[in-house]
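Student: Sharing model.pdb, PDB, C-alpha atoms and all ligand atoms:
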MODEL        1
ATOM      1  CA  MET A1108      39.200  41.016  48.793  1.00  0.00           C
ATOM      2  CA  SER A1109      38.130  37.505  47.888  1.00  0.00           C
ATOM      3  CA  LYS A1110      34.849  36.481  46.378  1.00  0.00           C
ATOM      4  CA  GLN A1111      32.346  34.304  48.206  1.00  0.00           C
ATOM      5  CA  TYR A1112      29.614  33.102  45.911  1.00  0.00           C
ATOM      6  CA  SER A1113      27.434  30.073  45.694  1.00  0.00           C
ATOM      7  CA  GLN A1114      26.244  28.592  42.426  1.00  0.00           C
ATOM      8  CA  LYS A1115      22.508  28.463  42.207  1.00  0.00           C
ATOM      9  CA  VAL A1116      22.102  26.834  38.785  1.00  0.00           C
ATOM     10  CA  ARG A1117      18.553  25.607  38.392  1.00  0.00           C
ATOM     11  CA  THR A1118      18.832  21.851  38.528  1.00  0.00           C
ATOM     12  CA  ASN A1119      16.551  21.198  35.565  1.00  0.00           C
ATOM     13  CA  PRO A1120      16.298  24.388  33.539  1.00  0.00           C
ATOM     14  CA  THR A1121      14.755  22.596  30.558  1.00  0.00           C
ATOM     15  CA  SER A1122      11.721  21.377  32.522  1.00  0.00           C
ATOM     16  CA  SER A1123       9.782  24.517  31.640  1.00  0.00           C
ATOM     17  CA  VAL A1124      10.143  27.010  28.833  1.00  0.00           C
ATOM     18  CA  PRO A1125      11.637  30.254  30.179  1.00  0.00           C
ATOM     19  CA  ASP A1126       9.904  33.616  29.473  1.00  0.00           C
ATOM     20  CA  ARG A1127      13.139  34.869  27.964  1.00  0.00           C
ATOM     21  CA  PRO A1128      16.717  33.671  27.565  1.00  0.00           C
ATOM     22  CA  GLY A1129      18.993  34.583  30.442  1.00  0.00           C
ATOM     23  CA  LEU A1130      20.961  37.829  30.336  1.00  0.00           C
ATOM     24  CA  LEU A1131      24.723  37.678  30.280  1.00  0.00           C
ATOM     25  CA  PHE A1132      26.608  40.391  32.164  1.00  0.00           C
ATOM     26  CA  ILE A1133      30.348  40.657  31.588  1.00  0.00           C
ATOM     27  CA  LEU A1134      32.268  42.516  34.225  1.00  0.00           C
ATOM     28  CA  SER A1135      35.913  43.457  33.781  1.00  0.00           C
ATOM     29  CA  ALA A1136      38.254  45.561  35.863  1.00  0.00           C
ATOM     30  CA  PRO A1137      41.921  45.703  36.701  1.00  0.00           C
ATOM     31  CA  SER A1138      42.865  43.761  39.872  1.00  0.00           C
ATOM     32  CA  GLY A1139      42.277  46.040  42.843  1.00  0.00           C
ATOM     33  CA  ALA A1140      39.531  48.121  41.211  1.00  0.00           C
ATOM     34  CA  GLY A1141      36.998  46.717  43.678  1.00  0.00           C
ATOM     35  CA  LYS A1142      35.261  44.384  41.245  1.00  0.00           C
ATOM     36  CA  SER A1143      34.892  41.455  43.668  1.00  0.00           C
ATOM     37  CA  THR A1144      33.269  43.618  46.344  1.00  0.00           C
ATOM     38  CA  ILE A1145      30.916  45.215  43.837  1.00  0.00           C
ATOM     39  CA  CYS A1146      30.084  41.855  42.308  1.00  0.00           C
ATOM     40  CA  ARG A1147      29.278  40.337  45.699  1.00  0.00           C
ATOM     41  CA  ALA A1148      26.963  43.232  46.592  1.00  0.00           C
ATOM     42  CA  VAL A1149      25.171  42.881  43.270  1.00  0.00           C
ATOM     43  CA  LEU A1150      24.708  39.138  43.765  1.00  0.00           C
ATOM     44  CA  ASP A1151      23.238  39.817  47.215  1.00  0.00           C
ATOM     45  CA  HIS A1152      20.841  42.296  45.624  1.00  0.00           C
ATOM     46  CA  PHE A1153      19.738  39.879  42.864  1.00  0.00           C
ATOM     47  CA  PRO A1154      19.418  36.500  44.606  1.00  0.00           C
ATOM     48  CA  ASP A1155      18.489  34.684  41.364  1.00  0.00           C
ATOM     49  CA  MET A1156      21.534  35.973  39.514  1.00  0.00           C
ATOM     50  CA  LEU A1157      24.205  33.371  38.989  1.00  0.00           C
ATOM     51  CA  TYR A1158      27.962  33.906  39.205  1.00  0.00           C
ATOM     52  CA  SER A1159      30.094  31.975  36.745  1.00  0.00           C
ATOM     53  CA  ILE A1160      32.902  30.362  38.723  1.00  0.00           C
ATOM     54  CA  SER A1161      35.925  30.372  36.446  1.00  0.00           C
ATOM     55  CA  TYR A1162      38.488  27.617  36.019  1.00  0.00           C
ATOM     56  CA  THR A1163      42.091  28.582  36.587  1.00  0.00           C
ATOM     57  CA  THR A1164      45.589  27.153  36.806  1.00  0.00           C
ATOM     58  CA  ARG A1165      46.551  29.876  39.302  1.00  0.00           C
ATOM     59  CA  PRO A1166      47.302  28.483  42.767  1.00  0.00           C
ATOM     60  CA  PRO A1167      44.660  29.411  45.361  1.00  0.00           C
ATOM     61  CA  ARG A1168      45.365  32.488  47.475  1.00  0.00           C
ATOM     62  CA  LYS A1169      44.952  32.324  51.236  1.00  0.00           C
ATOM     63  CA  GLY A1170      41.285  31.814  52.043  1.00  0.00           C
ATOM     64  CA  GLU A1171      40.247  30.858  48.503  1.00  0.00           C
ATOM     65  CA  GLN A1172      38.258  27.653  48.165  1.00  0.00           C
ATOM     66  CA  ASP A1173      37.997  25.303  45.223  1.00  0.00           C
ATOM     67  CA  GLY A1174      34.519  25.468  43.711  1.00  0.00           C
ATOM     68  CA  VAL A1175      33.711  28.723  45.487  1.00  0.00           C
ATOM     69  CA  HIS A1176      36.138  31.353  44.247  1.00  0.00           C
ATOM     70  CA  TYR A1177      37.499  29.332  41.327  1.00  0.00           C
ATOM     71  CA  TYR A1178      37.850  25.764  40.203  1.00  0.00           C
ATOM     72  CA  PHE A1179      41.599  25.276  40.575  1.00  0.00           C
ATOM     73  CA  ILE A1180      42.810  22.815  37.947  1.00  0.00           C
ATOM     74  CA  ALA A1181      46.122  21.554  36.540  1.00  0.00           C
ATOM     75  CA  GLU A1182      47.597  23.100  33.402  1.00  0.00           C
ATOM     76  CA  ASP A1183      47.194  19.797  31.481  1.00  0.00           C
ATOM     77  CA  ASP A1184      43.486  19.719  32.275  1.00  0.00           C
ATOM     78  CA  PHE A1185      43.131  23.288  31.130  1.00  0.00           C
ATOM     79  CA  THR A1186      44.961  22.834  27.834  1.00  0.00           C
ATOM     80  CA  ASN A1187      43.050  19.596  27.147  1.00  0.00           C
ATOM     81  CA  GLY A1188      39.919  21.650  27.703  1.00  0.00           C
ATOM     82  CA  ILE A1189      41.060  24.113  25.041  1.00  0.00           C
ATOM     83  CA  GLU A1190      41.458  21.256  22.533  1.00  0.00           C
ATOM     84  CA  ARG A1191      38.060  19.812  23.413  1.00  0.00           C
ATOM     85  CA  GLY A1192      36.201  23.144  23.165  1.00  0.00           C
ATOM     86  CA  ARG A1193      35.375  23.101  26.867  1.00  0.00           C
ATOM     87  CA  TRP A1194      35.744  26.885  27.289  1.00  0.00           C
ATOM     88  CA  ALA A1195      33.318  29.539  26.096  1.00  0.00           C
ATOM     89  CA  GLU A1196      36.352  31.797  26.389  1.00  0.00           C
ATOM     90  CA  TRP A1197      39.781  31.464  27.873  1.00  0.00           C
ATOM     91  CA  ALA A1198      42.832  33.637  28.356  1.00  0.00           C
ATOM     92  CA  LYS A1199      46.269  33.649  29.869  1.00  0.00           C
ATOM     93  CA  VAL A1200      46.298  36.405  32.489  1.00  0.00           C
ATOM     94  CA  HIS A1201      49.327  37.182  34.676  1.00  0.00           C
ATOM     95  CA  ASP A1202      50.955  33.912  33.461  1.00  0.00           C
ATOM     96  CA  ASN A1203      47.995  31.716  34.468  1.00  0.00           C
ATOM     97  CA  TYR A1204      45.143  30.268  32.437  1.00  0.00           C
ATOM     98  CA  TYR A1205      41.558  31.281  33.163  1.00  0.00           C
ATOM     99  CA  GLY A1206      38.429  30.016  31.428  1.00  0.00           C
ATOM    100  CA  THR A1207      34.648  29.942  31.489  1.00  0.00           C
ATOM    101  CA  SER A1208      32.687  26.721  31.084  1.00  0.00           C
ATOM    102  CA  ALA A1209      30.804  26.726  27.756  1.00  0.00           C
ATOM    103  CA  ASP A1210      28.435  24.048  29.017  1.00  0.00           C
ATOM    104  CA  LEU A1211      27.446  26.065  32.089  1.00  0.00           C
ATOM    105  CA  LEU A1212      26.806  29.244  30.096  1.00  0.00           C
ATOM    106  CA  ASP A1213      24.656  27.501  27.498  1.00  0.00           C
ATOM    107  CA  ARG A1214      22.637  25.664  30.132  1.00  0.00           C
ATOM    108  CA  VAL A1215      22.064  28.740  32.260  1.00  0.00           C
ATOM    109  CA  LEU A1216      21.160  31.116  29.433  1.00  0.00           C
ATOM    110  CA  ASN A1217      18.885  28.598  27.700  1.00  0.00           C
ATOM    111  CA  GLY A1218      17.221  28.015  31.051  1.00  0.00           C
ATOM    112  CA  GLY A1219      16.374  31.724  31.335  1.00  0.00           C
ATOM    113  CA  GLN A1220      18.707  32.463  34.225  1.00  0.00           C
ATOM    114  CA  ASP A1221      20.862  35.606  34.325  1.00  0.00           C
ATOM    115  CA  ILE A1222      24.576  35.274  34.937  1.00  0.00           C
ATOM    116  CA  ILE A1223      27.590  37.473  35.694  1.00  0.00           C
ATOM    117  CA  LEU A1224      31.048  36.733  34.352  1.00  0.00           C
ATOM    118  CA  ASP A1225      34.089  38.311  35.971  1.00  0.00           C
ATOM    119  CA  ILE A1226      36.627  38.046  33.165  1.00  0.00           C
ATOM    120  CA  ASP A1227      39.371  40.080  31.519  1.00  0.00           C
ATOM    121  CA  VAL A1228      39.266  42.077  28.286  1.00  0.00           C
ATOM    122  CA  GLN A1229      40.528  39.185  26.127  1.00  0.00           C
ATOM    123  CA  GLY A1230      37.736  36.981  27.471  1.00  0.00           C
ATOM    124  CA  MET A1231      35.123  39.687  26.960  1.00  0.00           C
ATOM    125  CA  ARG A1232      35.991  39.905  23.253  1.00  0.00           C
ATOM    126  CA  GLN A1233      35.574  36.142  22.832  1.00  0.00           C
ATOM    127  CA  ILE A1234      32.294  36.079  24.758  1.00  0.00           C
ATOM    128  CA  LEU A1235      30.839  38.853  22.608  1.00  0.00           C
ATOM    129  CA  ASN A1236      31.689  36.866  19.475  1.00  0.00           C
ATOM    130  CA  ARG A1237      29.794  33.919  20.891  1.00  0.00           C
ATOM    131  CA  TYR A1238      27.007  35.822  22.695  1.00  0.00           C
ATOM    132  CA  PRO A1239      26.650  39.222  20.959  1.00  0.00           C
ATOM    133  CA  ALA A1240      23.819  40.256  23.308  1.00  0.00           C
ATOM    134  CA  GLY A1241      26.183  40.206  26.297  1.00  0.00           C
ATOM    135  CA  ILE A1242      26.103  43.375  28.398  1.00  0.00           C
ATOM    136  CA  THR A1243      29.618  44.592  29.051  1.00  0.00           C
ATOM    137  CA  ILE A1244      30.638  46.676  32.055  1.00  0.00           C
ATOM    138  CA  PHE A1245      34.108  47.955  32.894  1.00  0.00           C
ATOM    139  CA  ILE A1246      34.967  49.058  36.428  1.00  0.00           C
ATOM    140  CA  MET A1247      37.684  51.685  36.676  1.00  0.00           C
ATOM    141  CA  PRO A1248      39.710  52.614  39.736  1.00  0.00           C
ATOM    142  CA  PRO A1249      39.741  56.391  40.334  1.00  0.00           C
ATOM    143  CA  SER A1250      43.491  56.443  39.546  1.00  0.00           C
ATOM    144  CA  LEU A1251      46.497  54.186  39.056  1.00  0.00           C
ATOM    145  CA  GLN A1252      47.875  55.379  42.385  1.00  0.00           C
ATOM    146  CA  THR A1253      44.687  54.224  44.148  1.00  0.00           C
ATOM    147  CA  LEU A1254      45.018  50.889  42.402  1.00  0.00           C
ATOM    148  CA  ARG A1255      48.626  50.511  43.560  1.00  0.00           C
ATOM    149  CA  SER A1256      47.659  51.379  47.158  1.00  0.00           C
ATOM    150  CA  ARG A1257      44.768  48.892  47.131  1.00  0.00           C
ATOM    151  CA  LEU A1258      46.953  46.085  45.763  1.00  0.00           C
ATOM    152  CA  GLU A1259      49.644  46.804  48.364  1.00  0.00           C
ATOM    153  CA  ALA A1260      47.087  46.979  51.194  1.00  0.00           C
ATOM    154  CA  ARG A1261      45.601  43.639  50.105  1.00  0.00           C
ATOM    155  CA  GLY A1262      48.945  42.043  50.941  1.00  0.00           C
ATOM    156  CA  THR A1263      48.349  38.961  48.789  1.00  0.00           C
ATOM    157  CA  ASP A1264      50.860  39.611  46.021  1.00  0.00           C
ATOM    158  CA  SER A1265      54.621  40.093  45.872  1.00  0.00           C
ATOM    159  CA  PRO A1266      56.028  43.435  44.603  1.00  0.00           C
ATOM    160  CA  GLU A1267      56.833  41.727  41.265  1.00  0.00           C
ATOM    161  CA  VAL A1268      53.267  40.462  40.888  1.00  0.00           C
ATOM    162  CA  ILE A1269      51.894  43.889  41.839  1.00  0.00           C
ATOM    163  CA  ALA A1270      54.111  45.486  39.175  1.00  0.00           C
ATOM    164  CA  LEU A1271      52.815  42.997  36.583  1.00  0.00           C
ATOM    165  CA  ARG A1272      49.196  43.603  37.628  1.00  0.00           C
ATOM    166  CA  LEU A1273      49.679  47.381  37.347  1.00  0.00           C
ATOM    167  CA  LYS A1274      51.173  47.006  33.882  1.00  0.00           C
ATOM    168  CA  ASN A1275      48.253  44.828  32.790  1.00  0.00           C
ATOM    169  CA  ALA A1276      45.814  47.242  34.445  1.00  0.00           C
ATOM    170  CA  GLN A1277      47.054  50.093  32.270  1.00  0.00           C
ATOM    171  CA  ALA A1278      46.662  47.972  29.147  1.00  0.00           C
ATOM    172  CA  GLU A1279      43.124  46.958  30.198  1.00  0.00           C
ATOM    173  CA  MET A1280      42.077  50.499  31.110  1.00  0.00           C
ATOM    174  CA  ALA A1281      43.138  51.658  27.654  1.00  0.00           C
ATOM    175  CA  GLN A1282      40.444  49.349  26.234  1.00  0.00           C
ATOM    176  CA  LYS A1283      37.550  50.512  28.400  1.00  0.00           C
ATOM    177  CA  GLU A1284      35.821  52.094  25.388  1.00  0.00           C
ATOM    178  CA  LEU A1285      35.070  48.577  24.122  1.00  0.00           C
ATOM    179  CA  TYR A1286      32.558  48.209  26.963  1.00  0.00           C
ATOM    180  CA  ARG A1287      28.935  49.345  26.868  1.00  0.00           C
ATOM    181  CA  HIS A1288      29.121  50.771  30.412  1.00  0.00           C
ATOM    182  CA  VAL A1289      32.043  52.200  32.387  1.00  0.00           C
ATOM    183  CA  ILE A1290      31.734  52.651  36.158  1.00  0.00           C
ATOM    184  CA  ILE A1291      34.343  54.576  38.147  1.00  0.00           C
ATOM    185  CA  ASN A1292      34.730  53.048  41.586  1.00  0.00           C
ATOM    186  CA  ASP A1293      35.526  56.178  43.550  1.00  0.00           C
ATOM    187  CA  GLN A1294      32.839  55.720  46.211  1.00  0.00           C
ATOM    188  CA  LEU A1295      32.016  52.031  46.619  1.00  0.00           C
ATOM    189  CA  ALA A1296      28.325  52.554  47.478  1.00  0.00           C
ATOM    190  CA  ASP A1297      27.844  54.718  44.375  1.00  0.00           C
ATOM    191  CA  ALA A1298      29.558  52.186  42.125  1.00  0.00           C
ATOM    192  CA  ILE A1299      27.356  49.377  43.488  1.00  0.00           C
ATOM    193  CA  ALA A1300      24.202  51.458  43.010  1.00  0.00           C
ATOM    194  CA  GLU A1301      25.238  52.295  39.464  1.00  0.00           C
ATOM    195  CA  LEU A1302      25.745  48.655  38.538  1.00  0.00           C
ATOM    196  CA  ILE A1303      22.451  47.637  40.161  1.00  0.00           C
ATOM    197  CA  GLY A1304      20.756  50.380  38.132  1.00  0.00           C
ATOM    198  CA  ILE A1305      22.282  49.094  34.883  1.00  0.00           C
ATOM    199  CA  ILE A1306      21.147  45.536  35.611  1.00  0.00           C
ATOM    200  CA  GLU A1307      17.624  46.618  36.607  1.00  0.00           C
ATOM    201  CA  LYS A1308      17.262  48.538  33.358  1.00  0.00           C
ATOM    202  CA  CYS A1309      18.374  45.502  31.341  1.00  0.00           C
ATOM    203  CA  CYS A1310      15.984  43.191  33.200  1.00  0.00           C
ATOM    204  CA  SER A1311      12.911  45.451  32.913  1.00  0.00           C
TER     205      SER A1311
HETATM  206  P1  LIG K   1      42.706  36.993  39.888  1.00  0.00           P
HETATM  207  O1  LIG K   1      43.842  36.056  39.692  1.00  0.00           O
HETATM  208  O2  LIG K   1      43.143  38.292  40.512  1.00  0.00           O
HETATM  209  O3  LIG K   1      41.542  36.360  40.605  1.00  0.00           O
HETATM  210  O4  LIG K   1      42.165  37.365  38.437  1.00  0.00           O
HETATM  211  C1  LIG K   1      43.026  37.915  37.503  1.00  0.00           C
HETATM  212  C2  LIG K   1      42.263  38.339  36.271  1.00  0.00           C
HETATM  213  O5  LIG K   1      41.731  37.209  35.611  1.00  0.00           O
HETATM  214  C3  LIG K   1      41.087  39.280  36.550  1.00  0.00           C
HETATM  215  O6  LIG K   1      41.149  40.338  35.607  1.00  0.00           O
HETATM  216  C4  LIG K   1      39.879  38.430  36.267  1.00  0.00           C
HETATM  217  O7  LIG K   1      38.792  39.178  35.777  1.00  0.00           O
HETATM  218  C5  LIG K   1      40.417  37.510  35.191  1.00  0.00           C
HETATM  219  N1  LIG K   1      39.631  36.287  35.100  1.00  0.00           N
HETATM  220  C6  LIG K   1      39.094  35.562  36.091  1.00  0.00           C
HETATM  221  N2  LIG K   1      38.412  34.522  35.600  1.00  0.00           N
HETATM  222  C7  LIG K   1      38.510  34.602  34.254  1.00  0.00           C
HETATM  223  C8  LIG K   1      38.015  33.806  33.172  1.00  0.00           C
HETATM  224  O8  LIG K   1      37.321  32.811  33.325  1.00  0.00           O
HETATM  225  N3  LIG K   1      38.352  34.212  31.923  1.00  0.00           N
HETATM  226  C9  LIG K   1      39.104  35.317  31.674  1.00  0.00           C
HETATM  227  N4  LIG K   1      39.343  35.630  30.405  1.00  0.00           N
HETATM  228  N5  LIG K   1      39.592  36.073  32.657  1.00  0.00           N
HETATM  229  C10 LIG K   1      39.308  35.724  33.939  1.00  0.00           C
ENDMDL
END
What would you get if you wrote out this structure as structure tokens?
Ligand code: 5GP
Tutor:
Amino acid sequence: MSKQYSQKVRTNPTSSVPDRPGLLFILSAPSGAGKSTICRAVLDHFPDMLYSISYTTRPPRKGEQDGVHYYFIAEDDFTNGIERGRWAEWAKVHDNYYGTSADLLDRVLNGGQDIILDIDVQGMRQILNRYPAGITIFIMPPSLQTLRSRLEARGTDSPEVIALRLKNAQAEMAQKELYRHVIINDQLADAIAELIGIIEKCCS
């Protein structure tokens, strides 16, 4: 399922001193674990929470829009960005580059706004080096078989891509202990409620 988020960055976050720096939530999950659906529900629940739209060299899937689901950029632009320190973190996932804007994160957090990043395990490690207070959450599918069925039902990837995603999923799931919270997405409503509960506790 595709994401559908708007960016609600405060236009002038430095105009007033925030009560506290923004909180940084880092969400990771294998493709097909239900992360996008959970993330969307959480953003609906917390209207002031921002979603960090990643930059990627992956071609858009059907229905994905530039600047909404991702910023789709050329490989040259991405690698130039690496040289210029444009990314707070970046990784090559499934043969494509993905990265998070360092400028956006700094602006948002300094402005006291909370933000969610949907990134992979490699990115999470880099973000924690840069922002050690980041709150990490891993979403697990109930089983690999469920993951396979969800990826097949989604119908967006070829069998080869699904095989690659399943291989990467296993490698990612083996690292779930690196995360502060692990949520098993067996029942969607329960998984959403659990994540909302974690965020509320952090914000209180
Ligand atoms: P997809 O191509 O299915 O949208 O995403 C593939 C993987 O890339 C997912 O695990 C997703 O979390 C990860 N990803 C998306 N954006 C970023 C990013 O900015 N940085 C990193 N490190 N991973 C990302």
Student: Evaluated on this file, the PyMOL selection byres (((chain A and resi 1160) around 6) and not hetatm) picks out some residues - which ones are they, written as a list of chain:residue names?
Tutor: A:Ser1159, A:Ser1161, A:Tyr1177
Student: Could you list the protein, DNA and RNA residues that have any atom within 6 Å of ligand LIG 1 (chain K), counting only C-alpha atoms and all ligand atoms, and write them as a PyMOL selection string?
Tutor: chain A and resi 1135-1138+1161-1162+1197-1198+1200+1205-1207+1225-1227+1229-1230
Student: Quick one, how far is CA of Ile1133 in chain A from CA of Lys1283 in chain A?
Tutor: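 Straight-line distance from CA of Ile1133 in chain A to CA of Lys1283 in chain A works out to 12.6 Å.
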Student: With distances taken over only C-alpha atoms, which residue among A:Met1156, A:Cys1309, A:Ile1189, A:Ile1269 lies nearest Ile1242 in chain A?
Tutor: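 Answer, going by the shortest atom-to-atom distance: A:Cys1309.
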Student: Report as an NGL selection string the residues that result from applying the PyMOL selection byres (((chain A and resi 1289) around 12) and not hetatm) to the structure here.
Tutor: :A and (1133-1136 or 1242-1249 or 1280 or 1282-1288 or 1290-1292 or 1298 or 1301-1302 or 1305)
Student: Closest to Arg1147 in chain A among A:His1176, A:His1201, A:Lys1169, A:Arg1214, using all atoms listed in the file?
Tutor: A:His1176
Student: Using all atoms listed in the file for the distances, tell me which of A:Tyr1238, A:Phe1153, A:Gly1139, A:Asp1210 is nearest to Asp1264 in chain A.
Tutor: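 Closest candidate: A:Gly1139.
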Student: Just add N, CA, C and O atoms to range 1189-1206 of chain A and send it as a PDB file, keeping the file's coordinate frame.
Tutor:
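out.pdb written:
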ATOM      1  N   ILE A1189      41.003  23.233  26.223  1.00  0.00           N
ATOM      2  CA  ILE A1189      41.060  24.113  25.041  1.00  0.00           C
ATOM      3  C   ILE A1189      40.849  23.262  23.783  1.00  0.00           C
ATOM      4  O   ILE A1189      40.043  23.590  22.912  1.00  0.00           O
ATOM      5  N   GLU A1190      41.568  22.122  23.727  1.00  0.00           N
ATOM      6  CA  GLU A1190      41.458  21.256  22.533  1.00  0.00           C
ATOM      7  C   GLU A1190      40.040  20.704  22.368  1.00  0.00           C
ATOM      8  O   GLU A1190      39.558  20.550  21.259  1.00  0.00           O
ATOM      9  N   ARG A1191      39.392  20.434  23.485  1.00  0.00           N
ATOM     10  CA  ARG A1191      38.060  19.812  23.413  1.00  0.00           C
ATOM     11  C   ARG A1191      36.921  20.831  23.334  1.00  0.00           C
ATOM     12  O   ARG A1191      35.758  20.462  23.360  1.00  0.00           O
ATOM     13  N   GLY A1192      37.247  22.111  23.263  1.00  0.00           N
ATOM     14  CA  GLY A1192      36.201  23.144  23.165  1.00  0.00           C
ATOM     15  C   GLY A1192      35.403  23.299  24.446  1.00  0.00           C
ATOM     16  O   GLY A1192      34.230  23.653  24.433  1.00  0.00           O
ATOM     17  N   ARG A1193      36.082  23.042  25.575  1.00  0.00           N
ATOM     18  CA  ARG A1193      35.375  23.101  26.867  1.00  0.00           C
ATOM     19  C   ARG A1193      35.072  24.541  27.303  1.00  0.00           C
ATOM     20  O   ARG A1193      34.177  24.774  28.105  1.00  0.00           O
ATOM     21  N   TRP A1194      35.845  25.509  26.777  1.00  0.00           N
ATOM     22  CA  TRP A1194      35.744  26.885  27.289  1.00  0.00           C
ATOM     23  C   TRP A1194      34.959  27.772  26.328  1.00  0.00           C
ATOM     24  O   TRP A1194      35.213  27.787  25.124  1.00  0.00           O
ATOM     25  N   ALA A1195      34.026  28.527  26.887  1.00  0.00           N
ATOM     26  CA  ALA A1195      33.318  29.539  26.096  1.00  0.00           C
ATOM     27  C   ALA A1195      34.275  30.662  25.749  1.00  0.00           C
ATOM     28  O   ALA A1195      34.131  31.346  24.731  1.00  0.00           O
ATOM     29  N   GLU A1196      35.241  30.862  26.614  1.00  0.00           N
ATOM     30  CA  GLU A1196      36.352  31.797  26.389  1.00  0.00           C
ATOM     31  C   GLU A1196      37.455  31.370  27.327  1.00  0.00           C
ATOM     32  O   GLU A1196      37.201  30.757  28.354  1.00  0.00           O
ATOM     33  N   TRP A1197      38.674  31.704  26.950  1.00  0.00           N
ATOM     34  CA  TRP A1197      39.781  31.464  27.873  1.00  0.00           C
ATOM     35  C   TRP A1197      40.884  32.477  27.577  1.00  0.00           C
ATOM     36  O   TRP A1197      40.930  33.055  26.482  1.00  0.00           O
ATOM     37  N   ALA A1198      41.733  32.685  28.541  1.00  0.00           N
ATOM     38  CA  ALA A1198      42.832  33.637  28.356  1.00  0.00           C
ATOM     39  C   ALA A1198      43.957  33.289  29.312  1.00  0.00           C
ATOM     40  O   ALA A1198      43.746  32.627  30.332  1.00  0.00           O
ATOM     41  N   LYS A1199      45.143  33.749  28.948  1.00  0.00           N
ATOM     42  CA  LYS A1199      46.269  33.649  29.869  1.00  0.00           C
ATOM     43  C   LYS A1199      46.423  35.042  30.480  1.00  0.00           C
ATOM     44  O   LYS A1199      46.635  36.018  29.755  1.00  0.00           O
ATOM     45  N   VAL A1200      46.226  35.114  31.784  1.00  0.00           N
ATOM     46  CA  VAL A1200      46.298  36.405  32.489  1.00  0.00           C
ATOM     47  C   VAL A1200      47.344  36.266  33.584  1.00  0.00           C
ATOM     48  O   VAL A1200      47.286  35.309  34.362  1.00  0.00           O
ATOM     49  N   HIS A1201      48.276  37.230  33.641  1.00  0.00           N
ATOM     50  CA  HIS A1201      49.327  37.182  34.676  1.00  0.00           C
ATOM     51  C   HIS A1201      49.977  35.794  34.729  1.00  0.00           C
ATOM     52  O   HIS A1201      50.137  35.206  35.798  1.00  0.00           O
ATOM     53  N   ASP A1202      50.262  35.206  33.564  1.00  0.00           N
ATOM     54  CA  ASP A1202      50.955  33.912  33.461  1.00  0.00           C
ATOM     55  C   ASP A1202      50.128  32.705  33.895  1.00  0.00           C
ATOM     56  O   ASP A1202      50.664  31.609  34.057  1.00  0.00           O
ATOM     57  N   ASN A1203      48.852  32.864  34.136  1.00  0.00           N
ATOM     58  CA  ASN A1203      47.995  31.716  34.468  1.00  0.00           C
ATOM     59  C   ASN A1203      46.829  31.655  33.490  1.00  0.00           C
ATOM     60  O   ASN A1203      46.405  32.681  32.972  1.00  0.00           O
ATOM     61  N   TYR A1204      46.320  30.427  33.302  1.00  0.00           N
ATOM     62  CA  TYR A1204      45.143  30.268  32.437  1.00  0.00           C
ATOM     63  C   TYR A1204      43.860  30.491  33.239  1.00  0.00           C
ATOM     64  O   TYR A1204      43.775  30.077  34.414  1.00  0.00           O
ATOM     65  N   TYR A1205      42.886  31.099  32.577  1.00  0.00           N
ATOM     66  CA  TYR A1205      41.558  31.281  33.163  1.00  0.00           C
ATOM     67  C   TYR A1205      40.535  30.963  32.078  1.00  0.00           C
ATOM     68  O   TYR A1205      40.719  31.348  30.931  1.00  0.00           O
ATOM     69  N   GLY A1206      39.441  30.315  32.443  1.00  0.00           N
ATOM     70  CA  GLY A1206      38.429  30.016  31.428  1.00  0.00           C
ATOM     71  C   GLY A1206      37.035  29.882  32.011  1.00  0.00           C
ATOM     72  O   GLY A1206      36.863  29.650  33.213  1.00  0.00           O
TER      73      GLY A1206
END
